[in-house]
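File shown: target_1.cif (mmCIF, C-alpha atoms and all ligand atoms).
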```
data_entry
loop_
_atom_site.label_atom_id
_atom_site.label_comp_id
_atom_site.auth_asym_id
_atom_site.auth_seq_id
_atom_site.Cartn_x
_atom_site.Cartn_y
_atom_site.Cartn_z
CA MET A 277 21.19 67.85 17.55
CA SER A 278 22.53 71.21 16.55
CA ASN A 279 26.23 71.86 16.55
CA LYS A 280 25.66 75.60 16.32
CA VAL A 281 27.08 77.63 19.19
CA VAL A 282 24.64 80.09 20.76
CA GLY A 283 25.89 83.30 22.39
CA ILE A 284 23.66 84.97 24.97
CA LEU A 285 23.97 88.65 25.87
CA GLY A 286 23.25 88.65 29.58
CA GLY A 287 23.83 85.96 32.17
CA GLY A 288 21.04 86.40 34.71
CA GLN A 289 18.28 83.99 35.69
CA LEU A 290 16.73 83.93 32.22
CA GLY A 291 20.11 82.96 30.77
CA ARG A 292 20.44 80.30 33.46
CA MET A 293 17.08 78.76 32.54
CA LEU A 294 17.95 78.96 28.81
CA GLY A 295 21.17 77.17 29.71
CA ALA A 296 19.27 74.41 31.52
CA SER A 297 17.13 73.85 28.41
CA ALA A 298 20.18 73.98 26.13
CA SER A 299 21.89 71.26 28.15
CA LEU A 300 19.04 68.83 27.36
CA LEU A 301 19.81 69.11 23.65
CA ASN A 302 23.55 69.45 24.17
CA ILE A 303 23.51 72.93 22.60
CA PRO A 304 26.70 74.84 23.42
CA ILE A 305 26.08 78.22 25.03
CA ILE A 306 28.54 81.07 25.60
CA VAL A 307 27.46 83.82 27.98
CA LEU A 308 28.54 87.48 27.92
CA ASP A 309 28.16 89.21 31.26
CA VAL A 310 30.30 90.87 33.89
CA GLY A 311 32.12 88.52 36.27
CA ASP A 312 32.69 84.76 36.29
CA ASP A 313 29.87 83.93 38.61
CA SER A 314 26.63 85.20 37.05
CA PRO A 315 23.59 82.89 37.45
CA ALA A 316 23.90 81.51 33.89
CA LYS A 317 27.68 80.98 34.01
CA GLN A 318 27.35 79.04 37.27
CA ILE A 319 25.51 76.18 35.58
CA LEU A 320 27.34 76.20 32.23
CA ASN A 321 30.92 75.05 32.71
CA ASN A 322 32.23 74.97 29.17
CA PRO A 323 35.56 73.47 28.09
CA SER A 324 37.90 76.36 27.28
CA SER A 325 39.84 73.94 25.05
CA LYS A 326 36.97 74.12 22.54
CA ASN A 327 37.05 77.93 22.62
CA LEU A 328 33.72 77.94 24.46
CA SER A 329 34.82 79.95 27.50
CA HIS A 330 32.36 82.60 28.66
CA ILE A 331 33.20 86.28 28.32
CA ASP A 332 33.68 88.53 31.33
CA GLY A 333 32.36 91.88 30.12
CA SER A 334 29.32 94.08 29.70
CA PHE A 335 26.59 93.29 27.16
CA LYS A 336 26.49 97.06 26.60
CA ASP A 337 30.11 97.17 25.44
CA PRO A 338 30.61 96.86 21.64
CA SER A 339 34.07 95.31 21.95
CA PHE A 340 32.78 92.45 24.13
CA ILE A 341 29.80 91.91 21.82
CA LEU A 342 32.20 91.59 18.88
CA GLN A 343 34.36 89.22 20.92
CA LEU A 344 31.30 87.03 21.55
CA ALA A 345 30.27 87.16 17.88
CA LYS A 346 33.64 85.70 16.88
CA LYS A 347 32.94 82.56 18.92
CA VAL A 348 29.31 81.78 17.99
CA ASP A 349 26.91 80.96 15.15
CA ILE A 350 23.82 82.58 16.69
CA LEU A 351 23.46 85.56 19.02
CA THR A 352 20.45 86.10 21.25
CA VAL A 353 19.57 88.17 24.32
CA GLU A 354 18.13 87.52 27.76
CA ILE A 355 17.85 91.27 28.40
CA GLU A 356 16.88 94.04 25.97
CA HIS A 357 19.20 96.72 27.33
CA VAL A 358 22.09 95.76 25.04
CA ASP A 359 24.11 97.81 22.55
CA VAL A 360 22.04 97.50 19.36
CA ASN A 361 24.55 99.38 17.19
CA ALA A 362 27.14 96.78 18.09
CA LEU A 363 24.72 94.05 16.97
CA ARG A 364 24.22 95.88 13.65
CA LYS A 365 27.98 96.05 13.26
CA VAL A 366 28.22 92.29 13.88
CA ARG A 367 25.89 91.78 10.95
CA GLU A 368 28.36 93.65 8.70
CA THR A 369 31.56 92.17 10.04
CA HIS A 370 30.30 88.63 10.75
CA PRO A 371 27.50 88.04 8.20
CA HIS A 372 27.38 84.30 8.97
CA VAL A 373 26.30 85.04 12.58
CA GLU A 374 22.53 85.14 12.91
CA ILE A 375 21.00 87.50 15.47
CA HIS A 376 17.62 86.65 17.02
CA PRO A 377 15.47 88.56 17.49
CA SER A 378 16.78 91.09 14.96
CA PRO A 379 18.74 94.16 16.11
CA GLU A 380 15.89 96.28 14.68
CA THR A 381 13.36 94.48 16.90
CA ILE A 382 15.54 94.85 20.00
CA GLY A 383 16.15 98.53 19.13
CA ILE A 384 12.44 99.30 18.83
CA ILE A 385 11.46 97.40 21.96
CA GLN A 386 14.25 98.76 24.18
CA ASP A 387 12.84 102.27 23.65
CA LYS A 388 9.33 102.01 25.12
CA TYR A 389 8.11 105.10 23.25
CA ARG A 390 9.35 103.80 19.88
CA GLN A 391 7.77 100.46 20.82
CA LYS A 392 4.39 102.15 21.30
CA LEU A 393 4.72 104.05 18.00
CA HIS A 394 5.58 100.80 16.22
CA LEU A 395 2.59 98.98 17.72
CA LYS A 396 0.27 101.86 16.85
CA GLU A 397 1.47 101.84 13.26
CA HIS A 398 1.18 98.06 12.83
CA LEU A 399 -1.96 97.32 14.85
CA GLY A 400 -4.47 99.68 13.29
CA GLY A 401 -3.45 103.26 14.14
CA SER A 402 -5.97 104.93 16.40
CA SER A 403 -7.87 101.64 16.85
CA ALA A 404 -4.72 99.78 18.02
CA PRO A 405 -5.10 98.09 21.43
CA LEU A 406 -3.07 100.76 23.25
CA GLY A 407 -3.92 103.44 25.75
CA PRO A 408 -3.26 107.07 24.71
CA PHE A 409 0.39 108.13 25.03
CA ARG A 410 2.64 110.96 23.87
CA SER A 411 6.26 112.01 23.99
CA VAL A 412 7.09 114.51 26.69
CA ASP A 413 10.11 116.70 27.42
CA ALA A 414 11.37 116.70 30.99
CA THR A 415 10.18 120.27 31.51
CA ARG A 416 7.38 121.70 33.62
CA GLU A 417 5.66 123.26 30.59
CA ASP A 418 5.58 120.08 28.54
CA ILE A 419 4.50 117.89 31.45
CA GLU A 420 1.67 120.38 32.12
CA ARG A 421 0.62 120.06 28.48
CA ALA A 422 0.68 116.25 28.82
CA VAL A 423 -1.55 116.51 31.92
CA GLU A 424 -4.00 118.73 30.01
CA GLU A 425 -4.12 116.18 27.22
CA LEU A 426 -4.09 112.90 29.17
CA GLY A 427 -5.39 113.88 32.62
CA LEU A 428 -4.36 112.81 36.13
CA PRO A 429 -3.01 110.56 37.44
CA LEU A 430 -0.46 110.58 34.64
CA MET A 431 2.04 107.76 34.12
CA LEU A 432 5.43 109.23 33.23
CA LYS A 433 7.94 106.70 31.97
CA ARG A 434 11.58 106.64 31.01
CA ARG A 435 11.91 105.50 27.41
CA THR A 436 14.92 103.25 27.98
CA LEU A 437 16.60 101.06 30.59
CA ALA A 438 13.36 100.50 32.50
CA TYR A 439 12.65 97.40 34.56
CA ASP A 440 10.56 96.51 37.62
CA GLY A 441 8.87 99.92 37.39
CA ARG A 442 12.09 101.74 38.24
CA GLY A 443 11.67 104.10 35.30
CA ASN A 444 8.04 104.93 36.09
CA TYR A 445 6.55 107.84 38.05
CA VAL A 446 2.86 108.32 38.77
CA LEU A 447 2.11 112.04 38.73
CA ARG A 448 -0.96 112.61 40.91
CA LYS A 449 -0.96 116.42 41.05
CA SER A 450 0.18 118.90 38.45
CA ASP A 451 1.44 121.68 40.71
CA PRO A 452 5.07 122.80 40.12
CA PRO A 453 6.57 120.98 43.17
CA ALA A 454 4.94 117.68 42.14
CA ILE A 455 6.26 118.04 38.59
CA ALA A 456 9.72 118.97 39.91
CA ASP A 457 9.70 115.78 42.04
CA ALA A 458 8.78 113.71 38.98
CA ILE A 459 11.61 115.22 36.91
CA GLN A 460 14.07 114.75 39.76
CA PHE A 461 13.03 111.09 40.17
CA LEU A 462 13.11 110.22 36.47
CA CYS A 463 16.12 112.34 35.46
CA PRO A 464 18.29 112.57 38.62
CA ILE A 465 21.43 113.56 36.72
CA GLY A 466 19.70 116.14 34.55
CA ALA A 467 17.39 115.72 31.58
CA GLY A 468 18.70 114.94 28.12
CA LYS A 469 16.66 114.77 24.95
CA ASP A 470 14.05 112.07 24.29
CA GLU A 471 14.26 110.57 27.75
CA LEU A 472 10.60 110.42 28.76
CA TYR A 473 7.11 109.80 27.48
CA ALA A 474 3.69 109.88 29.10
CA GLU A 475 0.86 107.34 29.19
CA LYS A 476 -2.72 107.98 30.13
CA TRP A 477 -3.56 106.16 33.35
CA VAL A 478 -5.14 102.77 32.53
CA PRO A 479 -7.80 101.76 35.10
CA PHE A 480 -7.23 98.03 34.58
CA ILE A 481 -8.89 95.32 36.67
CA LYS A 482 -6.27 92.71 35.96
CA GLU A 483 -2.92 92.36 34.25
CA LEU A 484 -2.40 89.51 31.80
CA ALA A 485 0.62 88.23 29.92
CA VAL A 486 1.05 86.05 26.87
CA MET A 487 4.30 84.40 25.81
CA VAL A 488 4.50 84.30 22.01
CA VAL A 489 6.90 82.12 20.02
CA ARG A 490 8.02 83.55 16.67
CA GLY A 491 9.64 81.06 14.29
CA ARG A 492 12.30 81.97 11.74
CA ASP A 493 9.57 81.85 9.10
CA GLY A 494 7.69 84.62 10.94
CA LYS A 495 4.87 82.30 12.02
CA VAL A 496 3.70 82.82 15.58
CA THR A 497 2.08 80.66 18.22
CA SER A 498 1.48 81.36 21.87
CA TYR A 499 1.24 79.93 25.34
CA PRO A 500 -2.06 80.40 27.19
CA ALA A 501 -2.73 83.88 28.55
CA VAL A 502 -1.92 84.10 32.25
CA GLU A 503 -2.85 86.51 34.99
CA THR A 504 0.02 88.44 36.56
CA VAL A 505 -0.28 90.14 39.94
CA HIS A 506 2.20 92.95 40.58
CA ARG A 507 3.32 94.40 43.89
CA ASP A 508 5.33 97.62 43.89
CA ASN A 509 5.62 97.31 40.10
CA ILE A 510 7.28 93.89 40.33
CA CYS A 511 5.60 90.68 39.26
CA HIS A 512 4.57 88.91 42.46
CA LEU A 513 2.31 86.07 41.26
CA VAL A 514 1.30 84.36 38.04
CA TRP A 515 -1.85 82.26 37.65
CA ALA A 516 -2.04 80.02 34.58
CA PRO A 517 -4.13 79.80 32.54
CA PHE A 518 -6.05 83.05 32.98
CA ARG A 519 -9.58 82.16 34.16
CA THR A 520 -12.65 84.19 33.52
CA THR A 521 -14.49 84.86 36.75
CA SER A 522 -17.74 86.53 37.67
CA VAL A 523 -16.02 89.92 37.27
CA GLU A 524 -14.89 89.16 33.75
CA GLN A 525 -17.84 87.34 32.27
CA ASP A 526 -16.58 87.20 28.72
CA PRO A 527 -15.08 83.75 28.01
CA GLY A 528 -13.44 85.25 24.93
CA ILE A 529 -10.99 87.32 26.97
CA ARG A 530 -8.28 84.69 26.91
CA ALA A 531 -8.55 84.08 23.19
CA ASN A 532 -8.61 87.82 22.56
CA ALA A 533 -5.50 88.38 24.66
CA GLU A 534 -3.67 85.63 22.80
CA ARG A 535 -4.79 87.01 19.41
CA ILE A 536 -3.67 90.56 20.25
CA ALA A 537 -0.31 89.32 21.54
CA GLN A 538 0.27 87.21 18.43
CA GLU A 539 -0.66 90.08 16.09
CA ALA A 540 1.78 92.34 17.93
CA ILE A 541 4.66 89.88 17.61
CA LYS A 542 3.94 89.22 13.94
CA SER A 543 4.89 92.86 13.31
CA PHE A 544 8.50 92.39 14.42
CA THR A 545 11.40 90.60 12.76
CA GLY A 546 13.59 87.76 13.97
CA ALA A 547 12.89 84.60 15.92
CA GLY A 548 12.49 83.75 19.58
CA VAL A 549 9.98 84.06 22.38
CA PHE A 550 8.47 87.40 23.37
CA GLY A 551 6.58 88.36 26.54
CA VAL A 552 3.54 90.54 25.92
CA GLU A 553 2.16 92.35 28.99
CA LEU A 554 -1.51 93.34 28.78
CA PHE A 555 -4.16 95.24 30.72
CA LEU A 556 -7.75 93.98 31.10
CA LEU A 557 -10.27 96.81 31.45
CA PRO A 558 -13.64 96.56 33.24
CA SER A 559 -15.35 96.52 29.84
CA GLY A 560 -13.40 93.37 28.87
CA GLU A 561 -11.27 95.41 26.44
CA ILE A 562 -7.58 94.47 26.33
CA LEU A 563 -4.70 96.91 25.87
CA ILE A 564 -1.00 96.18 25.40
CA ASN A 565 1.26 97.50 28.17
CA GLU A 566 4.66 96.49 26.84
CA ILE A 567 6.67 93.77 25.16
CA ALA A 568 9.89 91.99 26.11
CA PRO A 569 11.95 90.50 23.21
CA ARG A 570 13.02 87.45 25.24
CA PRO A 571 11.79 84.85 27.75
CA HIS A 572 9.81 86.55 30.50
CA ASN A 573 9.10 86.21 34.21
CA SER A 574 5.44 85.45 33.49
CA GLY A 575 6.55 82.38 31.49
CA HIS A 576 8.66 80.64 34.16
CA TYR A 577 5.68 78.39 34.90
CA THR A 578 6.02 76.83 31.42
CA ILE A 579 9.02 74.78 32.66
CA GLU A 580 6.82 72.56 34.84
CA ALA A 581 3.40 73.21 33.35
CA CYS A 582 3.74 73.06 29.55
CA GLU A 583 4.70 70.43 27.01
CA SER A 584 7.73 72.55 26.08
CA SER A 585 8.94 75.51 28.10
CA GLN A 586 9.47 79.07 26.90
CA TYR A 587 13.21 78.41 27.20
CA ASP A 588 13.03 75.23 25.07
CA ASN A 589 11.05 77.11 22.46
CA HIS A 590 13.29 80.16 22.43
CA LEU A 591 16.24 77.91 21.57
CA ARG A 592 14.26 75.88 19.05
CA ALA A 593 12.99 79.05 17.36
CA ILE A 594 16.40 80.73 17.02
CA LEU A 595 18.04 77.47 15.85
CA GLY A 596 15.28 76.69 13.34
CA LEU A 597 14.40 73.39 15.06
CA PRO A 598 10.80 72.14 15.14
CA LEU A 599 8.88 74.19 17.70
CA GLY A 600 7.49 72.40 20.73
CA SER A 601 3.88 72.33 21.85
CA THR A 602 2.88 75.30 23.98
CA LYS A 603 -0.03 73.43 25.58
CA MET A 604 -0.29 73.03 29.32
CA LYS A 605 0.19 69.44 30.50
CA VAL A 606 -1.38 70.11 33.90
CA GLY A 607 -4.77 71.58 34.76
CA ALA A 608 -3.38 74.77 36.27
CA ALA A 609 -0.21 76.38 37.58
CA GLY A 610 0.88 79.26 39.77
CA MET A 611 4.18 81.01 40.33
CA VAL A 612 5.45 83.21 43.12
CA ASN A 613 8.63 85.25 42.80
CA ILE A 614 11.13 85.11 45.66
CA LEU A 615 12.41 88.65 46.09
CA GLY A 616 15.33 89.78 48.19
CA SER A 617 14.65 91.87 51.24
CA ASP A 618 16.64 94.15 53.51
CA GLY A 619 16.07 91.95 56.53
CA SER A 620 14.79 93.69 59.62
CA GLU A 621 16.02 94.96 62.94
CA PRO A 622 13.90 94.06 65.96
CA SER A 623 12.19 97.21 67.22
CA GLN A 624 10.83 95.42 70.34
CA PRO A 625 13.06 93.22 72.53
CA ASN A 626 11.01 90.07 71.86
CA GLU A 627 10.42 90.73 68.18
CA ILE A 628 12.05 88.32 65.73
CA SER A 629 14.55 89.76 63.29
CA PHE A 630 15.57 88.00 60.09
CA SER A 631 18.47 88.06 57.71
CA PRO A 632 17.84 88.85 54.05
CA ASP A 633 18.38 85.19 53.17
CA ALA A 634 15.98 83.82 55.80
CA ILE A 635 12.94 84.50 53.68
CA ILE A 636 14.52 82.68 50.73
CA ASP A 637 15.36 79.65 52.90
CA LYS A 638 11.91 79.60 54.44
CA LEU A 639 10.05 79.75 51.12
CA THR A 640 12.31 77.11 49.62
CA HIS A 641 11.67 74.77 52.55
CA VAL A 642 7.92 75.27 52.40
CA ALA A 643 8.05 74.63 48.64
CA LEU A 644 10.07 71.43 49.11
CA SER A 645 7.33 70.03 51.31
CA THR A 646 4.42 71.19 49.14
CA PRO A 647 3.15 68.67 46.55
CA GLY A 648 3.42 70.01 43.02
CA ALA A 649 5.77 72.84 44.04
CA MET A 650 9.20 73.34 42.50
CA PRO A 651 11.58 75.96 43.89
CA HIS A 652 14.15 77.59 41.60
CA LEU A 653 17.07 79.49 43.13
CA TYR A 654 19.15 81.68 40.85
CA GLY A 655 22.44 81.65 42.76
CA LYS A 656 22.74 85.44 42.97
CA ALA A 657 25.55 86.35 45.32
CA GLN A 658 23.86 89.29 46.97
CA SER A 659 20.29 89.71 48.11
CA ARG A 660 18.91 93.23 47.74
CA LYS A 661 15.46 94.56 48.42
CA GLY A 662 13.25 93.76 45.42
CA ARG A 663 15.93 91.70 43.63
CA LYS A 664 14.63 88.55 41.96
CA MET A 665 16.42 85.76 43.84
CA GLY A 666 14.30 82.79 42.78
CA HIS A 667 10.76 81.61 42.21
CA VAL A 668 8.46 78.72 43.03
CA THR A 669 6.15 77.14 40.48
CA VAL A 670 3.17 75.14 41.73
CA VAL A 671 1.19 72.79 39.49
CA GLY A 672 -2.05 70.90 40.12
CA VAL A 673 -5.04 69.31 38.47
CA SER A 674 -7.21 72.38 38.94
CA ASP A 675 -7.07 76.08 39.74
CA ALA A 676 -8.51 75.25 43.19
CA GLU A 677 -5.76 72.74 43.90
CA VAL A 678 -3.03 75.15 42.78
CA ARG A 679 -4.43 77.96 44.93
CA GLU A 680 -4.64 75.63 47.93
CA ARG A 681 -1.04 74.48 47.41
CA MET A 682 0.10 78.07 46.92
CA ALA A 683 -1.61 79.18 50.15
CA GLY A 684 1.14 77.73 52.39
CA LEU A 685 3.80 79.61 50.45
CA LEU A 686 1.90 82.89 50.58
CA GLN A 687 1.32 82.45 54.28
CA ALA A 688 5.05 81.90 54.89
CA LEU A 689 5.74 85.06 52.91
CA ALA A 690 3.15 87.02 54.86
CA GLU A 691 4.79 86.00 58.15
CA PHE A 692 7.94 87.83 57.08
CA GLU A 693 6.03 90.89 56.03
CA ARG A 694 4.02 91.35 59.21
P1 LIG B 1 9.10 95.32 33.61
O1 LIG B 1 9.89 94.86 34.79
O2 LIG B 1 7.87 94.48 33.36
O3 LIG B 1 9.93 95.53 32.37
P2 LIG B 1 8.77 98.21 33.55
O4 LIG B 1 9.72 98.85 34.48
O5 LIG B 1 9.07 98.24 32.10
O6 LIG B 1 8.47 96.73 34.04
P3 LIG B 1 5.94 98.81 33.12
O7 LIG B 1 5.62 97.43 32.70
O8 LIG B 1 5.84 99.89 32.11
O9 LIG B 1 7.37 98.92 33.84
O10 LIG B 1 5.01 99.23 34.36
C1 LIG B 1 5.09 98.52 35.59
C2 LIG B 1 3.68 98.35 36.16
O11 LIG B 1 3.09 99.66 36.34
C3 LIG B 1 2.72 97.62 35.25
O12 LIG B 1 2.86 96.22 35.37
C4 LIG B 1 1.40 98.14 35.77
O13 LIG B 1 1.05 97.52 36.99
C5 LIG B 1 1.70 99.61 36.05
N1 LIG B 1 1.43 100.47 34.87
C6 LIG B 1 2.22 100.65 33.80
N2 LIG B 1 1.68 101.52 32.91
C7 LIG B 1 0.51 101.91 33.43
C8 LIG B 1 -0.52 102.81 33.00
N3 LIG B 1 -0.44 103.50 31.86
N4 LIG B 1 -1.62 102.97 33.81
C9 LIG B 1 -1.70 102.30 34.99
N5 LIG B 1 -0.77 101.46 35.46
C10 LIG B 1 0.34 101.24 34.70
MG MG B 2 9.60 96.72 30.86
MG MG B 3 6.38 95.62 32.52
#
```
Can you present the structure in this file as structure tokens?
Amino acid sequence: MSNKVVGILGGGQLGRMLGASASLLNIPIIVLDVGDDSPAKQILNNPSSKNLSHIDGSFKDPSFILQLAKKVDILTVEIEHVDVNALRKVRETHPHVEIHPSPETIGIIQDKYRQKLHLKEHLGGSSAPLGPFRSVDATREDIERAVEELGLPLMLKRRTLAYDGRGNYVLRKSDPPAIADAIQFLCPIGAGKDELYAEKWVPFIKELAVMVVRGRDGKVTSYPAVETVHRDNICHLVWAPFRTTSVEQDPGIRANAERIAQEAIKSFTGAGVFGVELFLLPSGEILINEIAPRPHNSGHYTIEACESSQYDNHLRAILGLPLGSTKMKVGAAGMVNILGSDGSEPSQPNEISFSPDAIIDKLTHVALSTPGAMPHLYGKAQSRKGRKMGHVTVVGVSDAEVRERMAGLLQALAEFER
């Protein structure tokens, strides 16, 4: 189909699912990540005789990125926290290697403050669909100024290397000890320059997400907007498509979310799929939270529920192949993430304890006996609290059927959390 070799920076679960899609079209993939056993490498056993062996090294290390570039025709990412300067260098030293999305796009998006400035500039300035934000130094004085300007609670965020809310701190009081705690949490090894920014608290009623596909010609199309439900800053559930309910009367919300997400992605360069996270306000207004320049957790459901998955379309977009339909082929879908846990020690003699893997086994077994449910396990060696170990997608003819099928899974989960 395409004899181009694709190199992926990062070999986690998103790389694994890209690899599964690539295998259907016999697209050769080479993964750069530390170790020989990352989730993506586990399912892609390439012949080393054809110079397709994976690379054991960090996607943040320029020398390994250059090593990967020498072996491939196209470079892409499954994580945005890569060394962008190394990608720029690849463009000079290996001009025949295409990089999607572009290093500029990855560079803007990996710095969440620059990302917000970019979106403000390209989506209408002060009328852009963004909450108020400003840069902030990690000092008491500047954080106090940010509180004066944006109010409390104040969302303080690290500009880079954020995921699963780990770079976020909600400042609820502006007294000196509270601010000192925030600085200590966000900058534990001391504050450098340009590390933080502040966002006004957004009183959203729901979070939505839209996966957008950007072709090499810059044209965009999107999957249906979905609802995402977070717990402890980590995506817990996805419901697809997003349904208007009595709370959100406006039937135009979904179309509006998809339009805003597409407009945002038009403003970047390079091909691929992008995840756009959004907030829905009580007024029906929609604001952008943040963008991921790659397949996204909220789009896992597209594997079972859409005519082509986000992973199929990411590969098609970067390779310049005809894009696949983003329509749902089932009435509705849901997804629940399987997160690692610490396990628990019995505090009472007759209380049941469980190992960290027990919850994964239990959910997988319930999924295997639930019609329309498909468990995905990522093969991560170690389970840690909050680590994404797998997910289950549930499809059905209607939202009601999906919620009913999902209920057994959520009940099994709740039994572990009691
Ligand atoms: P991800 O794993 O999606 O990359 P992240 O670490 O980059 O997450 P954010 O998406 O910025 O973190 O924030 C995590 C969650 O915190 C959001 O999904 C939302 O629930 C909440 N949140 C973020 N910004 C705000 C805000 N300004 N006001 C209120 N809640 C917010
Ligand atoms: Mg993020
Ligand atoms: Mg996020």
Within 8 Å of ligand MG 2 (chain B), which residues of chain A come that close, and what is the closest atom pair and distance in Å for each? Count all atoms listed in the file and give it as a Markdown table.
```
| residue | atom | partner | partner_atom | distance |
| --- | --- | --- | --- | --- |
| A:Lys388 | CA | B:MG2 | MG | 7.8 |
| A:Ala438 | CA | B:MG2 | MG | 5.6 |
| A:Tyr439 | CA | B:MG2 | MG | 4.8 |
| A:Asp440 | CA | B:MG2 | MG | 6.8 |
| A:Gly441 | CA | B:MG2 | MG | 7.3 |
| A:Glu566 | CA | B:MG2 | MG | 6.4 |
| A:Ile567 | CA | B:MG2 | MG | 7.1 |
| A:Ala568 | CA | B:MG2 | MG | 6.7 |
```
Handout entry: Distance of CA of Val612 in chain A from CA of Met682 in chain A, expressed in Å to one decimal place
Key = 8.3 Å
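Shortest atom-to-atom contact with ligand MG 3 (chain B) among A:Val478, A:Leu294, A:Cys511, A:Val488: A:Cys511, counting only C-alpha atoms and all ligand atoms.
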Practice task
Mind giving me the straight-line distance from CA of Pro377 in chain A to CA of Asp588 in chain A in Å, one decimal?
Solution key: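 Atom-to-atom, CA of Pro377 in chain A to CA of Asp588 in chain A, that is 15.5 Å.
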Counting only C-alpha atoms and all ligand atoms, what are the residues, protein, DNA or RNA alike, that approach ligand LIG 1 (chain B) to within 10 Å? I want them as a PDB file with C-alpha atoms, in the coordinates of the input.
```pdb
ATOM      1  CA  ILE A 355      17.850  91.270  28.400  1.00  0.00           C
ATOM      2  CA  GLU A 356      16.880  94.040  25.970  1.00  0.00           C
ATOM      3  CA  GLN A 386      14.250  98.760  24.180  1.00  0.00           C
ATOM      4  CA  LYS A 388       9.330 102.010  25.120  1.00  0.00           C
ATOM      5  CA  LEU A 406      -3.070 100.760  23.250  1.00  0.00           C
ATOM      6  CA  GLY A 407      -3.920 103.440  25.750  1.00  0.00           C
ATOM      7  CA  PRO A 408      -3.260 107.070  24.710  1.00  0.00           C
ATOM      8  CA  PHE A 409       0.390 108.130  25.030  1.00  0.00           C
ATOM      9  CA  PRO A 429      -3.010 110.560  37.440  1.00  0.00           C
ATOM     10  CA  LEU A 430      -0.460 110.580  34.640  1.00  0.00           C
ATOM     11  CA  MET A 431       2.040 107.760  34.120  1.00  0.00           C
ATOM     12  CA  LEU A 432       5.430 109.230  33.230  1.00  0.00           C
ATOM     13  CA  LYS A 433       7.940 106.700  31.970  1.00  0.00           C
ATOM     14  CA  ARG A 434      11.580 106.640  31.010  1.00  0.00           C
ATOM     15  CA  ARG A 435      11.910 105.500  27.410  1.00  0.00           C
ATOM     16  CA  THR A 436      14.920 103.250  27.980  1.00  0.00           C
ATOM     17  CA  LEU A 437      16.600 101.060  30.590  1.00  0.00           C
ATOM     18  CA  ALA A 438      13.360 100.500  32.500  1.00  0.00           C
ATOM     19  CA  TYR A 439      12.650  97.400  34.560  1.00  0.00           C
ATOM     20  CA  ASP A 440      10.560  96.510  37.620  1.00  0.00           C
ATOM     21  CA  GLY A 441       8.870  99.920  37.390  1.00  0.00           C
ATOM     22  CA  ARG A 442      12.090 101.740  38.240  1.00  0.00           C
ATOM     23  CA  GLY A 443      11.670 104.100  35.300  1.00  0.00           C
ATOM     24  CA  ASN A 444       8.040 104.930  36.090  1.00  0.00           C
ATOM     25  CA  TYR A 445       6.550 107.840  38.050  1.00  0.00           C
ATOM     26  CA  VAL A 446       2.860 108.320  38.770  1.00  0.00           C
ATOM     27  CA  ALA A 474       3.690 109.880  29.100  1.00  0.00           C
ATOM     28  CA  GLU A 475       0.860 107.340  29.190  1.00  0.00           C
ATOM     29  CA  LYS A 476      -2.720 107.980  30.130  1.00  0.00           C
ATOM     30  CA  TRP A 477      -3.560 106.160  33.350  1.00  0.00           C
ATOM     31  CA  VAL A 478      -5.140 102.770  32.530  1.00  0.00           C
ATOM     32  CA  PRO A 479      -7.800 101.760  35.100  1.00  0.00           C
ATOM     33  CA  PHE A 480      -7.230  98.030  34.580  1.00  0.00           C
ATOM     34  CA  LYS A 482      -6.270  92.710  35.960  1.00  0.00           C
ATOM     35  CA  GLU A 483      -2.920  92.360  34.250  1.00  0.00           C
ATOM     36  CA  LEU A 484      -2.400  89.510  31.800  1.00  0.00           C
ATOM     37  CA  ALA A 485       0.620  88.230  29.920  1.00  0.00           C
ATOM     38  CA  THR A 504       0.020  88.440  36.560  1.00  0.00           C
ATOM     39  CA  VAL A 505      -0.280  90.140  39.940  1.00  0.00           C
ATOM     40  CA  HIS A 506       2.200  92.950  40.580  1.00  0.00           C
ATOM     41  CA  ARG A 507       3.320  94.400  43.890  1.00  0.00           C
ATOM     42  CA  ASP A 508       5.330  97.620  43.890  1.00  0.00           C
ATOM     43  CA  ASN A 509       5.620  97.310  40.100  1.00  0.00           C
ATOM     44  CA  ILE A 510       7.280  93.890  40.330  1.00  0.00           C
ATOM     45  CA  CYS A 511       5.600  90.680  39.260  1.00  0.00           C
ATOM     46  CA  GLY A 551       6.580  88.360  26.540  1.00  0.00           C
ATOM     47  CA  VAL A 552       3.540  90.540  25.920  1.00  0.00           C
ATOM     48  CA  GLU A 553       2.160  92.350  28.990  1.00  0.00           C
ATOM     49  CA  LEU A 554      -1.510  93.340  28.780  1.00  0.00           C
ATOM     50  CA  PHE A 555      -4.160  95.240  30.720  1.00  0.00           C
ATOM     51  CA  LEU A 563      -4.700  96.910  25.870  1.00  0.00           C
ATOM     52  CA  ILE A 564      -1.000  96.180  25.400  1.00  0.00           C
ATOM     53  CA  ASN A 565       1.260  97.500  28.170  1.00  0.00           C
ATOM     54  CA  GLU A 566       4.660  96.490  26.840  1.00  0.00           C
ATOM     55  CA  ILE A 567       6.670  93.770  25.160  1.00  0.00           C
ATOM     56  CA  ALA A 568       9.890  91.990  26.110  1.00  0.00           C
ATOM     57  CA  HIS A 572       9.810  86.550  30.500  1.00  0.00           C
ATOM     58  CA  ASN A 573       9.100  86.210  34.210  1.00  0.00           C
ATOM     59  CA  SER A 574       5.440  85.450  33.490  1.00  0.00           C
TER      60      SER A 574
END
```
Problem - Two-atom distance - CA of Glu534 in chain A, CA of Val353 in chain A (Å) - result: 23.4 Å
Problem - 12 Å contact set for range 325-332 of chain A, all atoms listed in the file, chain neighbours under 3 positions out, as a ChimeraX atom specification - result: /A:280-287,303-314,316-322,335,337,339-349
